[in-house]
Every structure is written in structure tokens, then in C-alpha cells.
$ cat data-v6.pdb   # PDB, C-alpha atoms
ATOM      1  CA  MET X   1      37.926 -19.201-243.805
ATOM      2  CA  GLY X   2      41.446 -17.700-243.814
ATOM      3  CA  ILE X   3      40.266 -14.279-242.678
ATOM      4  CA  ARG X   4      37.905 -15.834-240.152
ATOM      5  CA  LEU X   5      40.763 -17.929-238.709
ATOM      6  CA  LEU X   6      42.914 -14.800-238.462
ATOM      7  CA  ILE X   7      40.094 -13.025-236.611
ATOM      8  CA  TYR X   8      39.695 -15.972-234.184
ATOM      9  CA  LEU X   9      43.434 -16.135-233.426
ATOM     10  CA  THR X  10      43.686 -12.343-233.082
ATOM     11  CA  ILE X  11      40.812 -12.339-230.584
ATOM     12  CA  ILE X  12      42.416 -15.191-228.564
ATOM     13  CA  ALA X  13      45.746 -13.279-228.665
ATOM     14  CA  ILE X  14      44.123 -10.026-227.474
ATOM     15  CA  GLY X  15      42.419 -11.944-224.650
ATOM     16  CA  THR X  16      45.711 -13.661-223.729
ATOM     17  CA  ILE X  17      47.615 -10.351-223.595
ATOM     18  CA  LEU X  18      44.879  -8.673-221.520
ATOM     19  CA  GLY X  19      44.779 -11.702-219.177
ATOM     20  CA  TYR X  20      48.587 -11.802-218.884
ATOM     21  CA  GLU X  21      48.942  -8.053-218.266
ATOM     22  CA  GLU X  22      46.119  -8.266-215.724
ATOM     23  CA  LYS X  23      44.158  -5.549-217.525
ATOM     24  CA  ILE X  24      40.945  -7.326-216.627
ATOM     25  CA  SER X  25      39.526  -6.212-213.286
ATOM     26  CA  THR X  26      39.375  -8.787-210.484
ATOM     27  CA  ASN X  27      35.616  -8.463-210.527
ATOM     28  CA  VAL X  28      35.409  -9.553-214.161
ATOM     29  CA  GLY X  29      38.118 -12.159-213.512
ATOM     30  CA  LYS X  30      36.009 -13.796-210.839
ATOM     31  CA  LYS X  31      33.019 -13.886-213.173
ATOM     32  CA  LEU X  32      35.045 -15.264-216.094
ATOM     33  CA  ASN X  33      33.732 -18.785-215.679
ATOM     34  CA  LEU X  34      30.137 -17.539-215.519
ATOM     35  CA  ILE X  35      30.613 -15.316-218.604
ATOM     36  CA  GLN X  36      32.162 -18.233-220.527
ATOM     37  CA  ASN X  37      29.264 -20.480-219.522
ATOM     38  CA  ILE X  38      26.704 -17.883-220.648
ATOM     39  CA  CYS X  39      28.503 -17.546-224.028
ATOM     40  CA  LEU X  40      28.682 -21.333-224.347
ATOM     41  CA  PHE X  41      25.021 -21.957-223.541
ATOM     42  CA  PHE X  42      23.953 -19.101-225.811
ATOM     43  CA  LEU X  43      25.964 -20.609-228.686
ATOM     44  CA  LEU X  44      24.502 -24.053-227.992
ATOM     45  CA  PHE X  45      21.016 -22.509-227.995
ATOM     46  CA  ILE X  46      21.615 -20.842-231.388
ATOM     47  CA  MET X  47      23.147 -24.097-232.624
ATOM     48  CA  GLY X  48      19.918 -25.826-231.529
ATOM     49  CA  ILE X  49      17.842 -23.234-233.410
ATOM     50  CA  ARG X  50      19.837 -23.955-236.583
ATOM     51  CA  ILE X  51      19.217 -27.684-236.169
ATOM     52  CA  GLY X  52      15.509 -27.062-235.433
ATOM     53  CA  LEU X  53      15.123 -24.921-238.556
ATOM     54  CA  ASP X  54      16.562 -27.680-240.757
ATOM     55  CA  GLU X  55      13.873 -30.333-241.159
ATOM     56  CA  LYS X  56      16.263 -32.656-242.974
ATOM     57  CA  VAL X  57      18.568 -32.719-239.952
ATOM     58  CA  ILE X  58      15.669 -33.221-237.541
ATOM     59  CA  LYS X  59      14.478 -36.222-239.534
ATOM     60  CA  SER X  60      17.954 -37.737-239.684
ATOM     61  CA  LEU X  61      18.886 -37.071-236.028
ATOM     62  CA  LEU X  62      18.639 -40.762-235.192
ATOM     63  CA  SER X  63      20.981 -41.743-237.989
ATOM     64  CA  ILE X  64      23.277 -38.787-237.135
ATOM     65  CA  GLY X  65      23.379 -39.865-233.483
ATOM     66  CA  TYR X  66      24.484 -43.352-234.446
ATOM     67  CA  ARG X  67      27.136 -42.037-236.860
ATOM     68  CA  ALA X  68      28.325 -39.462-234.310
ATOM     69  CA  GLY X  69      28.755 -42.226-231.714
ATOM     70  CA  ILE X  70      30.847 -44.374-234.066
ATOM     71  CA  ILE X  71      33.133 -41.441-234.983
ATOM     72  CA  ALA X  72      33.476 -40.444-231.297
ATOM     73  CA  ILE X  73      34.435 -43.964-230.155
ATOM     74  CA  SER X  74      36.803 -44.412-233.102
ATOM     75  CA  THR X  75      38.452 -41.044-232.324
ATOM     76  CA  ILE X  76      39.000 -41.948-228.661
ATOM     77  CA  PHE X  77      40.374 -45.385-229.560
ATOM     78  CA  PHE X  78      42.870 -44.070-232.135
ATOM     79  CA  THR X  79      43.957 -41.220-229.847
ATOM     80  CA  LEU X  80      44.682 -43.742-227.076
ATOM     81  CA  LEU X  81      46.568 -45.963-229.540
ATOM     82  CA  VAL X  82      48.779 -43.173-230.937
ATOM     83  CA  ILE X  83      49.536 -41.761-227.462
ATOM     84  CA  LYS X  84      50.303 -45.253-226.103
ATOM     85  CA  ILE X  85      52.844 -45.775-228.908
ATOM     86  CA  LEU X  86      54.355 -42.304-228.390
ATOM     87  CA  THR X  87      54.651 -42.687-224.602
ATOM     88  CA  ARG X  88      56.152 -46.157-224.868
ATOM     89  CA  PHE X  89      58.756 -45.381-227.519
ATOM     90  CA  ILE X  90      59.512 -41.667-227.246
ATOM     91  CA  ILE X  91      58.032 -39.789-224.290
ATOM     92  CA  LEU X  92      59.041 -42.294-221.595
ATOM     93  CA  LYS X  93      61.836 -44.133-223.396
ATOM     94  CA  GLU X  94      64.521 -43.138-220.888
ATOM     95  CA  GLY X  95      62.988 -45.378-218.252
ATOM     96  CA  GLU X  96      60.789 -42.688-216.768
ATOM     97  CA  ASN X  97      57.723 -44.130-215.172
ATOM     98  CA  ARG X  98      56.348 -41.335-213.068
ATOM     99  CA  PHE X  99      53.401 -40.790-215.395
ATOM    100  CA  GLU X 100      52.376 -44.409-215.125
ATOM    101  CA  PRO X 101      49.785 -45.400-212.527
TER
ATOM    102  CA  MET Q   1      26.725 -29.348-216.784
ATOM    103  CA  SER Q   2      25.721 -32.124-219.192
ATOM    104  CA  LEU Q   3      22.051 -31.489-218.396
ATOM    105  CA  LYS Q   4      22.431 -27.738-219.017
ATOM    106  CA  ILE Q   5      24.128 -28.483-222.348
ATOM    107  CA  LEU Q   6      21.300 -30.780-223.410
ATOM    108  CA  LEU Q   7      18.655 -28.291-222.221
ATOM    109  CA  SER Q   8      20.233 -25.387-224.166
ATOM    110  CA  ILE Q   9      20.349 -27.377-227.392
ATOM    111  CA  PHE Q  10      16.862 -28.857-227.089
ATOM    112  CA  ALA Q  11      15.364 -25.460-226.181
ATOM    113  CA  GLY Q  12      16.957 -24.106-229.376
ATOM    114  CA  ILE Q  13      15.768 -27.056-231.461
ATOM    115  CA  GLY Q  14      12.206 -26.666-230.097
ATOM    116  CA  LEU Q  15      12.168 -22.920-230.770
ATOM    117  CA  GLY Q  16      13.622 -23.371-234.266
ATOM    118  CA  TYR Q  17      11.373 -26.265-235.214
ATOM    119  CA  PHE Q  18       8.031 -25.023-233.838
ATOM    120  CA  PHE Q  19       8.152 -21.225-233.708
ATOM    121  CA  LEU Q  20      10.737 -19.610-235.984
ATOM    122  CA  PRO Q  21      10.319 -19.045-239.739
ATOM    123  CA  SER Q  22      12.894 -20.822-241.940
ATOM    124  CA  ASN Q  23      14.360 -17.504-243.177
ATOM    125  CA  PHE Q  24      15.585 -16.886-239.598
ATOM    126  CA  LEU Q  25      18.526 -19.173-240.470
ATOM    127  CA  GLN Q  26      20.402 -16.388-242.284
ATOM    128  CA  TYR Q  27      20.438 -14.211-239.142
ATOM    129  CA  THR Q  28      21.993 -16.957-237.010
ATOM    130  CA  ASP Q  29      25.348 -16.663-238.863
ATOM    131  CA  ILE Q  30      26.191 -13.235-237.468
ATOM    132  CA  VAL Q  31      24.901 -14.156-234.002
ATOM    133  CA  ILE Q  32      27.135 -17.259-233.973
ATOM    134  CA  ASP Q  33      30.143 -15.201-235.100
ATOM    135  CA  ILE Q  34      29.634 -12.646-232.333
ATOM    136  CA  GLY Q  35      29.070 -15.350-229.681
ATOM    137  CA  LEU Q  36      32.102 -17.335-230.818
ATOM    138  CA  CYS Q  37      34.351 -14.242-230.825
ATOM    139  CA  LEU Q  38      33.226 -13.431-227.272
ATOM    140  CA  LEU Q  39      33.919 -17.013-226.147
ATOM    141  CA  LEU Q  40      37.389 -17.038-227.762
ATOM    142  CA  PHE Q  41      38.190 -13.694-226.120
ATOM    143  CA  PHE Q  42      37.420 -15.076-222.667
ATOM    144  CA  VAL Q  43      39.333 -18.293-223.421
ATOM    145  CA  GLY Q  44      42.296 -16.033-224.302
ATOM    146  CA  ILE Q  45      42.006 -14.197-220.974
ATOM    147  CA  ASP Q  46      41.985 -17.580-219.198
ATOM    148  CA  ILE Q  47      45.178 -18.627-221.021
ATOM    149  CA  GLY Q  48      46.893 -15.292-220.284
ATOM    150  CA  ARG Q  49      46.143 -15.550-216.579
ATOM    151  CA  GLN Q  50      48.081 -18.847-216.330
ATOM    152  CA  LYS Q  51      51.468 -17.093-216.304
ATOM    153  CA  ASP Q  52      53.563 -20.173-215.523
ATOM    154  CA  ILE Q  53      52.465 -21.986-218.621
ATOM    155  CA  PHE Q  54      55.358 -20.908-220.867
ATOM    156  CA  SER Q  55      58.099 -21.540-218.318
ATOM    157  CA  ASN Q  56      56.562 -24.951-217.613
ATOM    158  CA  ILE Q  57      56.930 -25.871-221.282
ATOM    159  CA  LYS Q  58      60.645 -24.969-221.079
ATOM    160  CA  THR Q  59      61.217 -26.967-217.889
ATOM    161  CA  MET Q  60      59.515 -30.117-219.095
ATOM    162  CA  GLY Q  61      61.030 -30.026-222.546
ATOM    163  CA  PHE Q  62      59.826 -30.585-226.064
ATOM    164  CA  LYS Q  63      58.475 -34.058-225.307
ATOM    165  CA  ILE Q  64      55.303 -32.480-223.941
ATOM    166  CA  LEU Q  65      54.557 -31.261-227.450
ATOM    167  CA  LEU Q  66      54.295 -34.886-228.575
ATOM    168  CA  VAL Q  67      51.154 -35.270-226.475
ATOM    169  CA  PRO Q  68      49.012 -32.741-228.435
ATOM    170  CA  PHE Q  69      50.693 -34.002-231.633
ATOM    171  CA  GLY Q  70      49.502 -37.543-230.833
ATOM    172  CA  ILE Q  71      46.054 -36.214-229.901
ATOM    173  CA  ILE Q  72      45.730 -34.438-233.261
ATOM    174  CA  VAL Q  73      47.018 -37.442-235.285
ATOM    175  CA  GLY Q  74      44.828 -39.855-233.296
ATOM    176  CA  GLY Q  75      41.779 -37.617-233.724
ATOM    177  CA  ILE Q  76      42.199 -37.361-237.494
ATOM    178  CA  LEU Q  77      42.939 -41.109-237.890
ATOM    179  CA  GLY Q  78      39.963 -41.983-235.682
ATOM    180  CA  GLY Q  79      37.708 -39.712-237.712
ATOM    181  CA  ILE Q  80      38.945 -41.235-240.981
ATOM    182  CA  PHE Q  81      38.453 -44.777-239.640
ATOM    183  CA  GLY Q  82      34.910 -43.838-238.552
ATOM    184  CA  GLY Q  83      34.378 -42.431-242.068
ATOM    185  CA  ILE Q  84      35.498 -45.747-243.622
ATOM    186  CA  VAL Q  85      33.095 -47.683-241.356
ATOM    187  CA  LEU Q  86      30.222 -45.321-242.195
ATOM    188  CA  SER Q  87      31.111 -44.951-245.919
ATOM    189  CA  MET Q  88      31.162 -41.156-245.696
ATOM    190  CA  PRO Q  89      33.646 -38.719-247.323
ATOM    191  CA  LEU Q  90      36.944 -39.192-245.462
ATOM    192  CA  SER Q  91      37.744 -35.469-245.502
ATOM    193  CA  GLU Q  92      34.463 -34.744-243.690
ATOM    194  CA  ALA Q  93      34.977 -37.580-241.175
ATOM    195  CA  GLY Q  94      38.615 -36.549-240.631
ATOM    196  CA  ALA Q  95      37.500 -32.940-240.078
ATOM    197  CA  ILE Q  96      35.031 -34.090-237.410
ATOM    198  CA  GLY Q  97      37.814 -36.093-235.725
ATOM    199  CA  SER Q  98      40.115 -33.068-235.840
ATOM    200  CA  GLY Q  99      37.539 -31.175-233.736
ATOM    201  CA  LEU Q 100      39.281 -32.890-230.766
ATOM    202  CA  GLY Q 101      36.169 -32.638-228.597
ATOM    203  CA  TRP Q 102      35.731 -28.882-229.053
ATOM    204  CA  TYR Q 103      32.139 -29.229-230.224
ATOM    205  CA  THR Q 104      31.176 -25.544-230.353
ATOM    206  CA  LEU Q 105      34.019 -24.481-232.616
ATOM    207  CA  SER Q 106      34.132 -27.591-234.833
ATOM    208  CA  SER Q 107      30.378 -27.514-235.471
ATOM    209  CA  MET Q 108      30.405 -23.767-236.146
ATOM    210  CA  MET Q 109      33.368 -24.063-238.498
ATOM    211  CA  VAL Q 110      31.627 -26.625-240.715
ATOM    212  CA  ALA Q 111      28.227 -24.855-240.393
ATOM    213  CA  GLY Q 112      28.799 -23.019-243.668
ATOM    214  CA  TYR Q 113      29.722 -26.319-245.379
ATOM    215  CA  SER Q 114      26.507 -28.185-244.505
ATOM    216  CA  THR Q 115      24.079 -28.081-241.597
ATOM    217  CA  GLU Q 116      24.011 -31.886-241.408
ATOM    218  CA  LEU Q 117      27.801 -32.095-241.137
ATOM    219  CA  SER Q 118      27.652 -29.356-238.523
ATOM    220  CA  ALA Q 119      25.177 -31.409-236.465
ATOM    221  CA  LEU Q 120      27.345 -34.510-236.914
ATOM    222  CA  ALA Q 121      30.496 -32.617-235.840
ATOM    223  CA  PHE Q 122      28.628 -31.257-232.860
ATOM    224  CA  LEU Q 123      27.101 -34.556-231.684
ATOM    225  CA  SER Q 124      30.261 -36.545-232.317
ATOM    226  CA  ASN Q 125      32.437 -34.138-230.316
ATOM    227  CA  VAL Q 126      29.866 -33.871-227.508
ATOM    228  CA  ILE Q 127      29.770 -37.687-227.285
ATOM    229  CA  ARG Q 128      33.580 -37.759-227.326
ATOM    230  CA  GLU Q 129      33.741 -35.321-224.417
ATOM    231  CA  VAL Q 130      31.165 -37.196-222.360
ATOM    232  CA  ILE Q 131      32.800 -40.610-222.974
ATOM    233  CA  ALA Q 132      36.242 -39.105-222.242
ATOM    234  CA  LEU Q 133      35.066 -37.607-218.939
ATOM    235  CA  ILE Q 134      33.674 -40.995-217.915
ATOM    236  CA  LEU Q 135      36.843 -42.863-219.028
ATOM    237  CA  VAL Q 136      39.492 -40.576-217.424
ATOM    238  CA  PRO Q 137      39.532 -42.353-214.011
ATOM    239  CA  PHE Q 138      39.690 -45.813-215.641
ATOM    240  CA  VAL Q 139      42.397 -44.893-218.181
ATOM    241  CA  ALA Q 140      44.468 -43.065-215.529
ATOM    242  CA  LYS Q 141      44.367 -46.111-213.257
ATOM    243  CA  HIS Q 142      44.841 -48.922-215.771
ATOM    244  CA  ILE Q 143      46.608 -47.485-218.850
ATOM    245  CA  GLY Q 144      48.515 -44.308-217.953
ATOM    246  CA  TYR Q 145      48.250 -40.667-216.895
ATOM    247  CA  ILE Q 146      49.250 -39.184-220.258
ATOM    248  CA  GLU Q 147      46.773 -41.463-222.018
ATOM    249  CA  SER Q 148      44.030 -40.163-219.728
ATOM    250  CA  ILE Q 149      44.831 -36.599-220.872
ATOM    251  CA  SER Q 150      44.823 -37.618-224.518
ATOM    252  CA  ILE Q 151      41.266 -38.896-224.728
ATOM    253  CA  CYS Q 152      39.979 -35.491-223.571
ATOM    254  CA  GLY Q 153      41.561 -33.723-226.560
ATOM    255  CA  ALA Q 154      41.068 -29.963-226.498
ATOM    256  CA  THR Q 155      38.825 -30.136-223.427
ATOM    257  CA  ALA Q 156      41.824 -31.136-221.253
ATOM    258  CA  MET Q 157      42.431 -27.418-220.578
ATOM    259  CA  ASP Q 158      38.903 -26.619-219.348
ATOM    260  CA  THR Q 159      35.981 -28.974-218.666
ATOM    261  CA  ALA Q 160      38.090 -32.121-218.269
ATOM    262  CA  LEU Q 161      40.865 -30.476-216.199
ATOM    263  CA  PRO Q 162      39.204 -30.883-212.762
ATOM    264  CA  VAL Q 163      38.625 -34.593-213.474
ATOM    265  CA  ILE Q 164      42.215 -35.097-214.707
ATOM    266  CA  SER Q 165      43.536 -33.235-211.667
ATOM    267  CA  LYS Q 166      41.515 -35.467-209.338
ATOM    268  CA  PHE Q 167      42.599 -38.787-210.834
ATOM    269  CA  THR Q 168      46.266 -38.043-211.756
ATOM    270  CA  ASP Q 169      49.020 -35.877-210.198
ATOM    271  CA  SER Q 170      49.874 -32.164-210.351
ATOM    272  CA  GLN Q 171      52.527 -32.577-213.040
ATOM    273  CA  THR Q 172      50.079 -34.433-215.268
ATOM    274  CA  THR Q 173      47.557 -31.633-214.659
ATOM    275  CA  ILE Q 174      50.038 -29.053-215.978
ATOM    276  CA  ILE Q 175      50.776 -31.247-219.006
ATOM    277  CA  ALA Q 176      47.015 -31.597-219.510
ATOM    278  CA  PHE Q 177      46.594 -27.831-219.587
ATOM    279  CA  ILE Q 178      49.478 -27.310-222.022
ATOM    280  CA  SER Q 179      48.311 -30.184-224.200
ATOM    281  CA  GLY Q 180      44.703 -28.956-224.150
ATOM    282  CA  LEU Q 181      45.868 -25.442-224.974
ATOM    283  CA  ILE Q 182      47.888 -26.544-228.021
ATOM    284  CA  SER Q 183      45.070 -28.855-229.126
ATOM    285  CA  THR Q 184      42.603 -25.971-228.774
ATOM    286  CA  ILE Q 185      44.763 -23.648-230.858
ATOM    287  CA  SER Q 186      45.241 -26.377-233.496
ATOM    288  CA  VAL Q 187      41.504 -26.988-234.113
ATOM    289  CA  PRO Q 188      40.756 -23.767-236.070
ATOM    290  CA  ILE Q 189      43.965 -24.305-238.097
ATOM    291  CA  ILE Q 190      43.804 -28.043-238.874
ATOM    292  CA  LEU Q 191      40.046 -28.562-239.333
ATOM    293  CA  PRO Q 192      39.717 -26.349-242.468
ATOM    294  CA  ILE Q 193      42.851 -27.978-243.957
ATOM    295  CA  ILE Q 194      41.461 -31.526-243.505
ATOM    296  CA  LEU Q 195      38.061 -30.445-244.868
ATOM    297  CA  ARG Q 196      39.715 -29.148-248.046
ATOM    298  CA  PHE Q 197      41.130 -32.580-249.018
TER
END
$ encode --input "data-v6.pdb" --output "C-alpha cells"
Amino acid sequence: MGIRLLIYLTIIAIGTILGYEEKISTNVGKKLNLIQNICLFFLLFIMGIRIGLDEKVIKSLLSIGYRAGIIAISTIFFTLLVIKILTRFIILKEGENRFEP
Amino acid sequence: MSLKILLSIFAGIGLGYFFLPSNFLQYTDIVIDIGLCLLLFFVGIDIGRQKDIFSNIKTMGFKILLVPFGIIVGGILGGIFGGIVLSMPLSEAGAIGSGLGWYTLSSMMVAGYSTELSALAFLSNVIREVIALILVPFVAKHIGYIESISICGATAMDTALPVISKFTDSQTTIIAFISGLISTISVPIILPIILRF
């Protein structure tokens, strides 16, 4: 995983430098969103194939869906809680209120 | 977008389940690696093109960094709490929570660990993104702008950014991008660490 992580970060860094130095042609730049979407949907498709090939996962999709929902809701709730505490006591403690509705 | 996501996955599931032999699984590893590297490369280009990002961090100060910090802590705690409720290994649940809504990367990163956990990481983070996108306007109006960024996790720098921009102000949008960026970078670092516990 260590080497893989290094590869991921190196690739992001190379992309960042190329983007910053404007080495990417305007033509490619304009199509960036489309290219990203194609990559994303292709990955999702392959991800689907992996799920489809695993009968155990297919059979437990209902139970996975229920568990996934609980973890997702719990994650959102705790994120809101931690950020609420941080904004109240640290981020906005000097009486700033411009980020409040 | 949500429909296209669902269609891509279900087309893959259908193809895998009905047509492909089970030994095809071994070839998907390299395909995923190549696809993921391409995606990360283009994400990098996107980050590099936002030249103001680093000077904005300086202007607004270190307090901005507390937002992604809170997002990461909240994500891990939420995952662990979900794990307690579901009686599943807390390291696995915490790792799913630390995916911060980035479903492609988090599911791919645990794919080698177990396919079921990969599916759980994927579904959980997809559901998180969808719920977050729906909740942004409500949270921005009734709880706070920064809180509305936080629920989006890593997606605050891409898919959720237009929604955040529409329902908050320009300064919050910049914070959302910075926060989403740091959250995004943190996922491939923190997820394997949590999974190892």
C-alpha cells in the first residue's frame, strides 16, 4: 500500500505541476471535465463488474445497502457535530459571524 | 449525474454476473489501477489550474485547516459509531468513514482487503454524497455555511462545489475547495492507517 500511495500522490503532483504551469493545451483543458467523467464512469463500470463477479456480495447487497446507509448517516451526523463544536469554540470564537446564515 | 452513476455500476454488475467468467476478476486489478491513476492525474491538473488556492490559504489563516481536520475526525468517529451499531470490526467501519465521500478511491483501496468491504465502502460513500448534496441547502440555511461544507467531505472540491456555491457565499466556496482538497489528499493517507488498527 505504501508504494501504491506514493504512486497516487506522485501522479496527483505531476498533474498539479502540469496544470499550474499551464502545460496542458486549452483544448484538453476544456475537455477536462468530460475526461474525468469518462474515467469515473469507466471505474464505476469495472467496480460493478467486480461486484457482479462476486456472488456472495450480490446475495448480501440488501444487507450491505442497509449497513452502508447506517454508516453514511452516522458519518454525516458526527462530521456535523465535530464541525459545529470547532466553529463555535475555535473557528468563530472572535465574534465572527459572517459564515453563519 | 446520479442516474449515470447508477447505470454505470448496474451495467457492470449485469455484465459481471451474467456474462463474464469468474477468473476475469484477476484482470480487473490492473484495469482499476490504470483508471484510478488517470483520474488522479486529471484531478491534479484541476488543482494546479486553481492558482489562487495557496495564497487564499495564507490570507484566511490556519483556521481553515480546522475544517478538513474536523471533517476527517467526524468521518472516522461516524464510521466507528456505525461499526458499533452494526457490530462490525471498528477498523473496517472507521476506514469506510475515512473515505469522506470519495467512493471510487475508498472502495478501490479496500478492494484488495475484501470485495464485500469494498462494496460497503462504495455504497456507504455514495449514499453519503447523495445525502450531503440534498442536505447542503438546509444545513447552510439553518445550521451554518461551514457545516454545509463539512457534510460533503472530499466531494466539496468537485461534485458538491456548485451546490455549495449556490447556497452559500463566495468566501465559503473558496473554503469549500480548500477543505475538499485537503480532505481528498488525506483519504489515501488516512484510510490505510485506520484499516491497519
$ resolve_selection --input "data-v6.pdb" --expression "the ChimeraX specification (/X :<6) & /Q" --output "mmCIF file with C-alpha atoms, in the coordinates of the input"
data_model
loop_
_atom_site.group_PDB
_atom_site.id
_atom_site.type_symbol
_atom_site.label_atom_id
_atom_site.label_comp_id
_atom_site.auth_asym_id
_atom_site.auth_seq_id
_atom_site.Cartn_x
_atom_site.Cartn_y
_atom_site.Cartn_z
ATOM 1 C CA SER Q 8 20.233 -25.387 -224.166
ATOM 2 C CA ILE Q 9 20.349 -27.377 -227.392
ATOM 3 C CA GLY Q 12 16.957 -24.106 -229.376
ATOM 4 C CA ILE Q 13 15.768 -27.056 -231.461
ATOM 5 C CA GLY Q 16 13.622 -23.371 -234.266
ATOM 6 C CA TYR Q 17 11.373 -26.265 -235.214
ATOM 7 C CA SER Q 22 12.894 -20.822 -241.940
ATOM 8 C CA LEU Q 39 33.919 -17.013 -226.147
ATOM 9 C CA LEU Q 40 37.389 -17.038 -227.762
ATOM 10 C CA PHE Q 41 38.190 -13.694 -226.120
ATOM 11 C CA GLY Q 44 42.296 -16.033 -224.302
ATOM 12 C CA ILE Q 45 42.006 -14.197 -220.974
ATOM 13 C CA ILE Q 47 45.178 -18.627 -221.021
ATOM 14 C CA GLY Q 48 46.893 -15.292 -220.284
ATOM 15 C CA ARG Q 49 46.143 -15.550 -216.579
ATOM 16 C CA LYS Q 63 58.475 -34.058 -225.307
ATOM 17 C CA GLY Q 70 49.502 -37.543 -230.833
ATOM 18 C CA ILE Q 71 46.054 -36.214 -229.901
ATOM 19 C CA GLY Q 74 44.828 -39.855 -233.296
ATOM 20 C CA GLY Q 75 41.779 -37.617 -233.724
ATOM 21 C CA GLY Q 78 39.963 -41.983 -235.682
ATOM 22 C CA GLY Q 79 37.708 -39.712 -237.712
ATOM 23 C CA GLY Q 82 34.910 -43.838 -238.552
ATOM 24 C CA GLU Q 116 24.011 -31.886 -241.408
ATOM 25 C CA LEU Q 120 27.345 -34.510 -236.914
ATOM 26 C CA LEU Q 123 27.101 -34.556 -231.684
ATOM 27 C CA SER Q 124 30.261 -36.545 -232.317
ATOM 28 C CA ARG Q 128 33.580 -37.759 -227.326
ATOM 29 C CA LYS Q 141 44.367 -46.111 -213.257
ATOM 30 C CA GLY Q 144 48.515 -44.308 -217.953
ATOM 31 C CA TYR Q 145 48.250 -40.667 -216.895
ATOM 32 C CA GLU Q 147 46.773 -41.463 -222.018
ATOM 33 C CA ILE Q 151 41.266 -38.896 -224.728
#
$ closest_residue --input "data-v6.pdb" --among "Q:Gly112, Q:Pro137, Q:Gly180, Q:Gly83" --to "Gln26 of chain Q" --atoms "all atoms listed in the file"
Q:Gly112
$ residues_around --input "data-v6.pdb" --residues "Ala132 of chain Q" --least-positions-apart "2" --cutoff "10 Å" --atoms "all atoms listed in the file" --output "VMD selection string"
(chain X and resid 72 to 73 76) or (chain Q and resid 101 126 to 130 134 to 137 139 148 to 153 155 to 156 160)
$ atom_distance --input "data-v6.pdb" --atom1 "atom CA of Lys51 of chain Q" --atom2 "atom CA of Leu65 of chain Q"
18.3 Å
$ atom_distance --input "data-v6.pdb" --atom1 "atom CA of Gly94 of chain Q" --atom2 "atom CA of Ile189 of chain Q"
13.6 Å
$ atom_distance --input "data-v6.pdb" --atom1 "atom CA of Ile76 of chain Q" --atom2 "atom CA of Ser118 of chain Q"
16.6 Å
